$ cat run_14.txt   # compact mmCIF, C-alpha atoms
# COMPACT_ATOMS: atom_id res chain seq x y z
CA MET A 285 -13.05 24.34 -8.24
CA THR A 286 -11.22 25.12 -5.03
CA PRO A 287 -8.34 27.52 -5.81
CA ASP A 288 -6.46 26.33 -2.70
CA SER A 289 -5.87 22.94 -4.31
CA TYR A 290 -4.47 24.31 -7.62
CA PRO A 291 -0.81 24.59 -6.46
CA ALA A 292 -0.86 20.99 -5.17
CA LEU A 293 -2.33 19.74 -8.44
CA PHE A 294 0.16 21.78 -10.49
CA TRP A 295 3.20 20.64 -8.49
CA SER A 296 2.21 16.97 -8.42
CA TYR A 297 1.80 16.78 -12.22
CA THR A 298 4.93 18.88 -12.79
CA ALA A 299 6.95 16.57 -10.51
CA VAL A 300 5.62 13.47 -12.29
CA TRP A 301 6.34 14.70 -15.81
CA VAL A 302 9.74 16.18 -14.95
CA LEU A 303 10.77 12.90 -13.30
CA LEU A 304 9.51 10.78 -16.21
CA ALA A 305 11.05 13.11 -18.82
CA VAL A 306 14.45 13.10 -17.07
CA TYR A 307 14.34 9.29 -16.83
CA MET A 308 13.38 8.91 -20.52
CA ILE A 309 16.12 11.34 -21.65
CA TRP A 310 18.66 9.51 -19.48
CA LEU A 311 17.64 6.16 -21.02
CA GLY A 312 17.79 7.61 -24.54
CA VAL A 313 21.27 9.12 -23.98
CA ARG A 314 22.51 5.84 -22.47
CA LEU A 315 21.17 3.74 -25.37
CA GLY A 316 22.62 6.18 -27.93
CA ARG A 317 26.07 6.08 -26.25
CA ILE A 318 26.14 2.25 -26.14
CA GLU A 319 24.94 1.94 -29.75
CA ARG A 320 27.63 4.41 -30.89
CA SER A 321 30.31 2.39 -29.05
CA LEU A 322 28.92 -0.79 -30.62
CA SER A 323 29.06 0.66 -34.14
CA VAL A 324 32.63 1.96 -33.55
CA LYS A 325 33.71 -1.47 -32.29
CA GLY A 326 31.85 -3.18 -35.16
CA GLY A 327 33.64 -0.91 -37.65
CA ALA A 328 37.01 -1.66 -36.02
CA CYS A 329 36.32 -5.41 -36.20
CA ASN A 330 35.41 -5.14 -39.90
CA ASP A 331 38.59 -3.13 -40.64
CA SER A 332 40.82 -5.66 -38.90
CA GLY A 333 39.02 -8.46 -40.78
CA LYS A 334 39.69 -6.76 -44.11
CA LYS A 335 43.37 -6.17 -43.25
CA SER A 336 43.93 -9.80 -42.28
CA THR A 337 42.44 -11.01 -45.59
CA MET B 488 16.06 -6.03 -36.08
CA PRO B 489 14.66 -3.09 -38.17
CA ASN B 490 11.21 -4.72 -37.75
CA THR B 491 11.60 -4.69 -33.95
CA SER B 492 12.73 -1.07 -34.15
CA ARG B 493 9.60 -0.16 -36.15
CA ILE B 494 7.32 -1.95 -33.65
CA PHE B 495 9.13 -0.09 -30.84
CA THR B 496 8.52 3.28 -32.55
CA ILE B 497 4.83 2.49 -33.23
CA PHE B 498 4.37 1.34 -29.63
CA GLY B 499 6.03 4.55 -28.40
CA LEU B 500 3.68 6.70 -30.50
CA LEU B 501 0.65 4.71 -29.31
CA THR B 502 1.77 5.22 -25.71
CA LEU B 503 2.18 8.96 -26.33
CA LEU B 504 -1.34 9.12 -27.79
CA LEU B 505 -2.83 7.22 -24.84
CA VAL B 506 -1.00 9.38 -22.27
CA GLY B 507 -2.16 12.53 -24.10
CA THR B 508 -5.77 11.25 -24.12
CA ALA B 509 -5.57 10.48 -20.40
CA GLN B 510 -4.25 13.99 -19.66
CA TYR B 511 -7.05 15.54 -21.74
CA LEU B 512 -9.68 13.50 -19.85
CA ILE B 513 -8.15 14.32 -16.46
CA PHE B 514 -8.02 18.09 -16.99
CA MET B 515 -10.81 18.81 -19.50
CA VAL B 516 -13.55 16.18 -19.15
CA VAL B 517 -13.80 14.78 -15.64
CA PRO B 518 -15.78 16.96 -13.19
CA ASN B 519 -14.37 18.19 -9.91
CA GLU B 520 -14.83 15.91 -6.93
CA VAL B 521 -17.19 17.49 -4.34
CA VAL B 522 -15.05 17.17 -1.19
CA MET B 523 -11.44 17.38 -2.40
CA GLY B 524 -11.91 19.70 -5.38
CA ALA B 525 -9.24 19.97 -8.11
CA VAL B 526 -6.51 18.13 -6.20
CA GLN B 527 -8.50 14.88 -6.46
CA ARG B 528 -7.26 14.75 -10.09
CA VAL B 529 -3.93 13.53 -8.65
CA PHE B 530 -5.77 10.23 -8.03
CA TYR B 531 -5.83 9.50 -11.82
CA PHE B 532 -2.05 9.39 -11.85
CA HIS B 533 -1.29 8.24 -8.31
CA VAL B 534 -3.34 5.00 -8.34
CA PRO B 535 -2.39 3.83 -11.90
CA ALA B 536 1.30 4.52 -11.08
CA ALA B 537 1.00 2.39 -7.94
CA LEU B 538 -0.74 -0.42 -9.86
CA CYS B 539 1.90 -0.31 -12.61
CA CYS B 540 4.76 -0.44 -10.09
CA TYR B 541 3.12 -3.54 -8.54
CA VAL B 542 2.91 -5.13 -12.02
CA ALA B 543 6.59 -4.28 -12.68
CA PHE B 544 7.61 -5.77 -9.31
CA GLY B 545 5.55 -8.88 -10.12
CA ALA B 546 7.59 -9.22 -13.32
CA VAL B 547 10.80 -8.80 -11.25
CA PHE B 548 9.62 -11.63 -8.97
CA VAL B 549 8.98 -14.07 -11.85
CA ALA B 550 12.10 -13.07 -13.83
CA SER B 551 14.37 -13.27 -10.76
CA ILE B 552 13.15 -16.78 -9.88
CA MET B 553 13.62 -17.81 -13.52
CA TYR B 554 17.16 -16.38 -13.53
CA LEU B 555 18.17 -18.10 -10.29
CA ALA B 556 16.68 -21.41 -11.49
CA THR B 557 17.93 -21.43 -15.10
CA ARG B 558 20.71 -18.77 -15.31
CA ASN B 559 18.93 -17.38 -18.35
CA ARG B 560 20.46 -13.97 -19.21
CA ALA B 561 17.20 -12.71 -20.79
CA ALA B 562 15.38 -13.28 -17.47
CA ASP B 563 18.06 -11.24 -15.70
CA ARG B 564 17.69 -8.43 -18.24
CA ILE B 565 13.89 -8.42 -17.70
CA SER B 566 14.43 -8.30 -13.93
CA THR B 567 16.84 -5.34 -14.28
CA ALA B 568 14.52 -3.42 -16.63
CA CYS B 569 11.30 -4.00 -14.68
CA GLY B 570 12.96 -3.32 -11.32
CA GLU B 571 14.31 0.05 -12.42
CA VAL B 572 11.07 1.15 -14.15
CA GLY B 573 9.06 -0.07 -11.14
CA PHE B 574 11.30 2.00 -8.88
CA VAL B 575 10.65 5.14 -10.98
CA LEU B 576 6.87 4.52 -10.79
CA CYS B 577 7.17 3.84 -7.05
CA THR B 578 8.85 7.27 -6.74
CA VAL B 579 6.03 8.86 -8.79
CA THR B 580 3.43 7.25 -6.48
CA LEU B 581 5.27 8.42 -3.38
CA ILE B 582 5.67 12.02 -4.62
CA THR B 583 2.05 12.39 -5.83
CA GLY B 584 0.79 10.76 -2.62
CA MET B 585 2.82 13.15 -0.47
CA ILE B 586 1.60 16.21 -2.39
CA TRP B 587 -2.00 14.98 -2.11
CA GLY B 588 -1.45 14.20 1.59
CA HIS B 589 -0.15 17.72 2.20
CA SER B 590 -3.33 19.09 0.68
CA ALA B 591 -5.71 16.66 2.45
CA TRP B 592 -4.01 16.06 5.83
CA ASN B 593 -1.81 19.19 6.00
CA THR B 594 1.30 17.01 6.40
CA TRP B 595 3.66 15.42 3.86
CA PHE B 596 3.87 12.01 5.56
CA ARG B 597 2.09 10.23 8.40
CA TRP B 598 4.20 7.68 10.23
CA GLU B 599 1.15 6.12 11.92
CA GLU B 600 -0.33 5.16 8.52
CA PRO B 601 0.77 1.57 7.66
CA ARG B 602 0.16 1.90 3.89
CA LEU B 603 2.53 4.88 3.69
CA VAL B 604 5.24 3.29 5.84
CA THR B 605 5.15 -0.10 4.07
CA PHE B 606 5.21 1.67 0.71
CA LEU B 607 8.26 3.67 1.81
CA VAL B 608 9.96 0.40 2.82
CA LEU B 609 9.12 -1.02 -0.64
CA TRP B 610 10.64 2.10 -2.24
CA LEU B 611 13.82 1.71 -0.13
CA ILE B 612 14.16 -1.98 -1.14
CA PHE B 613 13.93 -1.10 -4.84
CA LEU B 614 16.25 1.88 -4.36
CA SER B 615 18.84 -0.64 -3.09
CA PHE B 616 17.97 -2.94 -6.02
CA THR B 617 18.57 -0.13 -8.55
CA VAL B 618 21.82 0.98 -6.88
CA LEU B 619 23.04 -2.64 -6.77
CA ARG B 620 22.19 -3.19 -10.45
CA ASN B 621 23.93 0.02 -11.59
CA PHE B 622 26.94 0.22 -9.28
CA GLY B 623 27.45 -3.30 -7.85
CA ASP B 624 30.18 -5.80 -8.70
CA PRO B 625 29.03 -7.08 -12.15
CA SER B 626 30.12 -10.68 -11.40
CA ARG B 627 27.85 -10.97 -8.36
CA SER B 628 25.23 -8.21 -8.63
CA ALA B 629 22.85 -10.34 -10.77
CA ASP B 630 22.54 -13.01 -8.05
CA HIS B 631 22.30 -10.53 -5.18
CA ALA B 632 19.82 -8.26 -6.99
CA SER B 633 17.66 -11.27 -7.91
CA VAL B 634 17.35 -12.25 -4.24
CA LEU B 635 16.65 -8.61 -3.29
CA GLY B 636 14.09 -8.35 -6.12
CA ILE B 637 12.24 -11.48 -4.88
CA MET B 638 12.20 -10.10 -1.32
CA GLY B 639 10.99 -6.68 -2.49
CA ALA B 640 8.25 -8.09 -4.73
CA ALA B 641 7.14 -10.45 -1.95
CA SER B 642 6.45 -7.40 0.22
CA VAL B 643 3.90 -6.01 -2.29
CA PRO B 644 0.97 -8.03 -0.79
CA LEU B 645 1.99 -6.65 2.62
CA VAL B 646 1.70 -3.08 1.27
CA TYR B 647 -1.72 -3.88 -0.20
CA LEU B 648 -3.04 -5.66 2.90
CA SER B 649 -1.44 -3.32 5.48
CA ILE B 650 -4.44 -1.00 5.51
CA LYS B 651 -7.00 -3.84 5.58
CA LEU B 652 -5.60 -5.26 8.79
CA LEU B 653 -6.56 -2.10 10.67
CA PRO B 654 -10.09 -1.33 11.95
CA GLN B 655 -12.09 1.03 9.71
CA SER B 656 -11.81 3.91 12.21
CA ALA B 657 -8.00 3.79 12.23
CA ARG B 658 -7.62 3.90 8.43
CA LEU B 659 -6.38 7.17 6.97
CA HIS B 660 -5.41 6.17 3.43
CA PRO B 661 -8.51 6.46 1.20
CA GLU B 662 -9.89 3.30 -0.46
CA VAL B 663 -11.80 4.87 -3.33
CA ILE B 664 -12.27 1.81 -5.54
CA GLU B 665 -12.95 -0.71 -2.75
CA GLN B 666 -15.66 1.56 -1.29
CA GLY B 667 -17.32 2.16 -4.68
CA GLY B 668 -16.25 5.82 -4.83
CA LEU B 669 -16.15 6.12 -8.64
CA ARG B 670 -19.87 6.60 -9.29
CA ASP B 671 -19.80 9.00 -12.26
CA PRO B 672 -19.10 7.14 -15.59
CA SER B 673 -16.55 9.81 -16.59
CA PHE B 674 -14.56 9.04 -13.39
CA ILE B 675 -14.49 5.34 -14.33
CA TRP B 676 -13.53 5.96 -17.99
CA THR B 677 -10.79 8.42 -17.06
CA PHE B 678 -9.43 6.05 -14.46
CA CYS B 679 -9.45 3.06 -16.88
CA ILE B 680 -7.75 5.03 -19.68
CA SER B 681 -5.16 6.40 -17.23
CA CYS B 682 -4.42 2.83 -16.10
CA ILE B 683 -4.01 1.59 -19.71
CA ALA B 684 -1.84 4.62 -20.62
CA LEU B 685 0.43 4.13 -17.60
CA LEU B 686 0.64 0.38 -18.27
CA CYS B 687 1.75 1.07 -21.86
CA LEU B 688 4.27 3.67 -20.60
CA THR B 689 5.63 1.10 -18.12
CA ALA B 690 5.99 -1.51 -20.87
CA PHE B 691 7.63 1.06 -23.19
CA LEU B 692 10.16 2.16 -20.56
CA ALA B 693 10.91 -1.45 -19.57
CA TRP B 694 11.46 -2.36 -23.24
CA LEU B 695 13.81 0.63 -23.67
CA ARG B 696 15.72 -0.37 -20.53
CA TYR B 697 15.86 -4.01 -21.78
CA ARG B 698 17.36 -2.81 -25.09
CA ILE B 699 20.07 -0.90 -23.16
CA GLU B 700 20.91 -4.02 -21.17
CA THR B 701 21.08 -6.17 -24.34
CA ALA B 702 23.31 -3.63 -26.14
CA HIS B 703 25.53 -3.33 -23.04
CA GLU B 704 26.05 -7.11 -22.88
CA GLU B 705 26.85 -7.18 -26.60
CA LEU B 706 29.41 -4.39 -26.07
CA ILE B 707 31.10 -6.38 -23.27
CA LYS B 708 31.22 -9.52 -25.45
CA ARG B 709 33.05 -7.75 -28.34

$ encode --input "run_14.txt" --output "structure tokens"
Amino acid sequence: MTPDSYPALFWSYTAVWVLLAVYMIWLGVRLGRIERSLSVKGGACNDSGKKST
Amino acid sequence: MPNTSRIFTIFGLLTLLLVGTAQYLIFMVVPNEVVMGAVQRVFYFHVPAALCCYVAFGAVFVASIMYLATRNRAADRISTACGEVGFVLCTVTLITGMIWGHSAWNTWFRWEEPRLVTFLVLWLIFLSFTVLRNFGDPSRSADHASVLGIMGAASVPLVYLSIKLLPQSARLHPEVIEQGGLRDPSFIWTFCISCIALLCLTAFLAWLRYRIETAHEELIKR
């Protein structure tokens, strides 16, 4: 092993996994927020349907 | 719907297992390359990420043509998802390539190298695509982004062929696979598993992004 190349290897894999983790978390948060809004709207629609009947 | 959700979870776990296996092979099994040393291990992530971004951009090309021809919303959702995931992988390829380049060439970027410059242009096209999809006028962004996606994906063969048009002496970017550089079986296995793992990760991320787009459209409809 050449110790000179360790920092490059470390930083390249760190950059990759940090980037992918941030992207995955961002997607997860976005999906969760939209699904929550959908369930709130769905609940509101059901309530108004019940009231009208 | 719960069935799809279960398949999604199983696929996510399978992807995690494959990525973990690839990491184990890269750091624990594969021997050090003689010339480059430890930094050559970047290759097992850099090349599969580039291949996966080309696959994602190929999907953008097909889906964008389908959308413009048929106005099918599902095709537009596929184009959005694959374009964004492809852009992330393009960024990964660019970053790992620059770090490797700094170690091998003692510079982050070489403007005289056509593969690097054409790849940067590809990255800029899909940066515009992603910005347009996320912040553009919703009534027109689908059409505009589809055209941009087709143009961006059409430049992928140019990126691939850019280095081959130069004489051998002028080429800086390594061509490991084309020149039969993977001689040790463990190099080949690690590379193949890394490619499969990254391909599964690409599909998983694109599926997740597609679900967001579907849920978002449903939210607008209500």

$ closest_atom_pairs --input "run_14.txt" --of "chain A" --to "chain B" --cutoff "9 Å" --atoms "all atoms listed in the file" --output "Markdown table"
| residue | atom | partner | partner_atom | distance |
| --- | --- | --- | --- | --- |
| A:Met285 | CA | B:Gly524 | CA | 5.6 |
| A:Thr286 | CA | B:Gly524 | CA | 5.5 |
| A:Pro287 | CA | B:Ala525 | CA | 7.9 |
| A:Asp288 | CA | B:Ser590 | CA | 8.6 |
| A:Ser289 | CA | B:Val526 | CA | 5.2 |
| A:Tyr290 | CA | B:Ala525 | CA | 6.5 |
| A:Pro291 | CA | B:Val526 | CA | 8.6 |
| A:Ala292 | CA | B:Ile586 | CA | 6.1 |
| A:Leu293 | CA | B:Val526 | CA | 5.0 |
| A:Phe294 | CA | B:Val526 | CA | 8.7 |
| A:Trp295 | CA | B:Ile586 | CA | 7.7 |
| A:Ser296 | CA | B:Thr583 | CA | 5.3 |
| A:Tyr297 | CA | B:Val529 | CA | 7.5 |
| A:Ala299 | CA | B:Ile582 | CA | 7.6 |
| A:Val300 | CA | B:Val579 | CA | 5.8 |
| A:Leu303 | CA | B:Val579 | CA | 7.7 |
| A:Leu304 | CA | B:Val575 | CA | 7.8 |
| A:Tyr307 | CA | B:Val575 | CA | 8.1 |
| A:Met308 | CA | B:Leu692 | CA | 7.5 |
| A:Leu311 | CA | B:Arg696 | CA | 6.8 |
| A:Gly312 | CA | B:Leu695 | CA | 8.1 |
| A:Arg314 | CA | B:Ile699 | CA | 7.2 |
| A:Leu315 | CA | B:Ile699 | CA | 5.3 |
| A:Gly316 | CA | B:Ile699 | CA | 8.9 |
| A:Ile318 | CA | B:His703 | CA | 6.4 |
| A:Glu319 | CA | B:Ala702 | CA | 6.8 |
| A:Ser321 | CA | B:Leu706 | CA | 7.5 |
| A:Leu322 | CA | B:Leu706 | CA | 5.8 |
| A:Lys325 | CA | B:Arg709 | CA | 7.4 |
| A:Gly326 | CA | B:Arg709 | CA | 8.3 |
| A:Cys329 | CA | B:Arg709 | CA | 8.8 |

$ atom_distance --input "run_14.txt" --atom1 "atom CA of Leu635 of chain B" --atom2 "atom CA of Ile612 of chain B"
7.4 Å

$ residues_around --input "run_14.txt" --residues "Leu603 of chain B" --least-positions-apart "2" --cutoff "10 Å" --atoms "only C-alpha atoms" --output "JSON, numbers by chain"
{"B": [581, 584, 585, 596, 597, 598, 599, 600, 601, 605, 606, 607, 608, 609, 646, 649, 650, 659, 660]}

$ atom_distance --input "run_14.txt" --atom1 "atom CA of Ser642 of chain B" --atom2 "atom CA of Arg602 of chain B"
11.8 Å

$ atom_distance --input "run_14.txt" --atom1 "atom CA of Ala632 of chain B" --atom2 "atom CA of Arg558 of chain B"
13.4 Å
